[in-house]
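A.B. asks: Structure incoming, see below.
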Amino acid sequence: MNRSTYSPVAKALHWAMALGIFGLVVLGSIMSDMEFSPEKLQYFSWHKWAGVSIFALVWVRLVWRWISPPPPYAESMSINMQRLAHAGHIALYVLMLIIPISGWLMSSAKGVQTVWFGVLPLPDLIGKDKALGHLLEEVHETLSWTLVTLIAGHVLASLKHHFIDRDDTLRRMAPFIKPKQDAS
């Protein structure tokens with residue numbers, strides 16, 4: 001395997017989750033502004049289904065990352081930049097794990113069971129508590145916008161590496177762009 005790029009499995013998981021998270025944020029923004037209706041309830045169901053799916057994919061990614069460690073950072077990156085990148089990745093993973101849990105807790109507190117794809121009922125994590133449900137809704141939204149901000153920083157950093165530093169940082173995760181040293 002070429003150790004200058006991520007494996008095809010890692011790339012597929014990364015981009016599937018990127019699309020999934022983007023869709024969740026868009027759907028969450030749309031449904032939060034809607035009046036109560038059957039359509040809004042359907043959107044909530046889809047949002048929860050996708051959230052549970054992304055939560056499962058995070059665990060798959062973590063196992064894959066353990067089995068197939070990522071390639072080393074670009075040699076041009078200072079040790080402090082490497083530490084910052086590593087901290088950013090940890091923060092992204094932590095948020096990708098706790099945001100779905102906060103949503104699940106919120107649904108439980110609001111008395112709305114999560115039923116994955118309308119088939120698999122997931123147990124409520126806590127008892128019904130309207131005030132706690134509203135607090136958890138704020139927590140879920142704040143964590144989600146924190147994730148969006150970190151993702152924006154992640155994207156901007158990859159673009160900086162590609163266009164300013166001209167290293168292979170972006171290329172190692174891009175599905176269709178070969179690293180410079182591999183391009184012939």
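Each chain in the structure tokens gets a letter, A, B, ..., in the order shown, and its residues are numbered from 1; ligands are numbered from 1 in order too.
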Mind dumping a table of every segment 86-130 of chain A residue within 10 Å of segment 147-157 of chain A, with the nearest atom pair and its distance in Å to one decimal, using only C-alpha atoms, sorted by chain and rising number, as CSV?
C.D. replies:
residue,atom,partner,partner_atom,distance
A:Gly88,CA,A:Leu150,CA,7.5
A:His89,CA,A:His154,CA,8.5
A:Ala91,CA,A:Leu150,CA,8.1
A:Leu92,CA,A:Leu147,CA,6.7
A:Tyr93,CA,A:Leu147,CA,9.6
A:Val94,CA,A:Leu147,CA,9.6
A:Leu95,CA,A:Leu147,CA,6.3
A:Met96,CA,A:Leu147,CA,7.8
A:Ile99,CA,A:Leu147,CA,8.7
A.B. asks: Could you tell me, as a list in words, which residues of segment 8-184 of chain A DSSP assigns to strand (DSSP E or B) when given the backbone?
C.D. replies: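 Restricting segment 8-184 of chain A to strand (DSSP E or B) produces Val115, Trp116, Leu120 and Pro121 of chain A.
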A.B. asks: Got a sec: who's within 12 Å of Val60 of chain A, counting only C-alpha atoms, leaving out chain neighbours fewer than 2 positions off, as a list in words?
C.D. replies: Val9, Ala10, Ala12, Leu13, His14, Ala16, Met17, Ser53, Ile54, Phe55, Ala56, Leu57, Val58, Leu62, Val63, Trp64, Arg65, Trp66, Ile67, Ser68, Tyr93 and Leu97 of chain A
A.B. asks: Mind pulling up the distance from atom CA of Gly28 of chain A to atom CA of His47 of chain A?
C.D. replies: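 Computing the Euclidean distance for atom CA of His47 of chain A and atom CA of Gly28 of chain A yields 6.9 Å.
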A.B. asks: So that I can check the surroundings of Arg3 of chain A, please list as a PyMOL selection string every protein, DNA and RNA residue that reaches within 10 Å of it, counting only C-alpha atoms and ignoring chain neighbours fewer than 5 positions away.
C.D. replies: chain A and resi 69-72+172
A.B. asks: Would you list the contacts of segment 76-79 of chain A as an MDAnalysis selection string, taking every protein, DNA or RNA residue within 9 Å and counting only C-alpha atoms, but skipping same-chain residues closer than 4 positions in sequence?
C.D. replies: chainID A and resid 83:84 165 167
A.B. asks: Generate the output file for the selected residues, N, CA and C atoms, as a PDB file, in the first residue's frame.
C.D. replies:
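Generated file (result_9.pdb):
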ATOM      1  N   ARG A  83       0.770  18.688  15.718  1.00  0.00           N
ATOM      2  CA  ARG A  83      -0.001  18.558  16.958  1.00  0.00           C
ATOM      3  C   ARG A  83      -1.372  19.212  16.818  1.00  0.00           C
ATOM      4  N   LEU A  84      -1.418  20.365  16.181  1.00  0.00           N
ATOM      5  CA  LEU A  84      -2.689  21.061  15.965  1.00  0.00           C
ATOM      6  C   LEU A  84      -3.612  20.227  15.071  1.00  0.00           C
ATOM      7  N   ASP A 165       0.879  25.840   0.592  1.00  0.00           N
ATOM      8  CA  ASP A 165       2.052  25.024   0.937  1.00  0.00           C
ATOM      9  C   ASP A 165       2.453  24.097  -0.207  1.00  0.00           C
ATOM     10  N   ASP A 167       1.707  21.012  -0.698  1.00  0.00           N
ATOM     11  CA  ASP A 167       2.111  19.662  -0.289  1.00  0.00           C
ATOM     12  C   ASP A 167       0.967  18.682  -0.596  1.00  0.00           C
TER      13      ASP A 167
END
A.B. asks: Determine the nearest neighbour of Phe117 of chain A from the options A:Ala174, A:Glu35, A:Leu41, A:Val52, counting only C-alpha atoms.
C.D. replies: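 Checking each of A:Ala174, A:Glu35, A:Leu41, A:Val52 against Phe117 of chain A, counting only C-alpha atoms, the winner is A:Val52.
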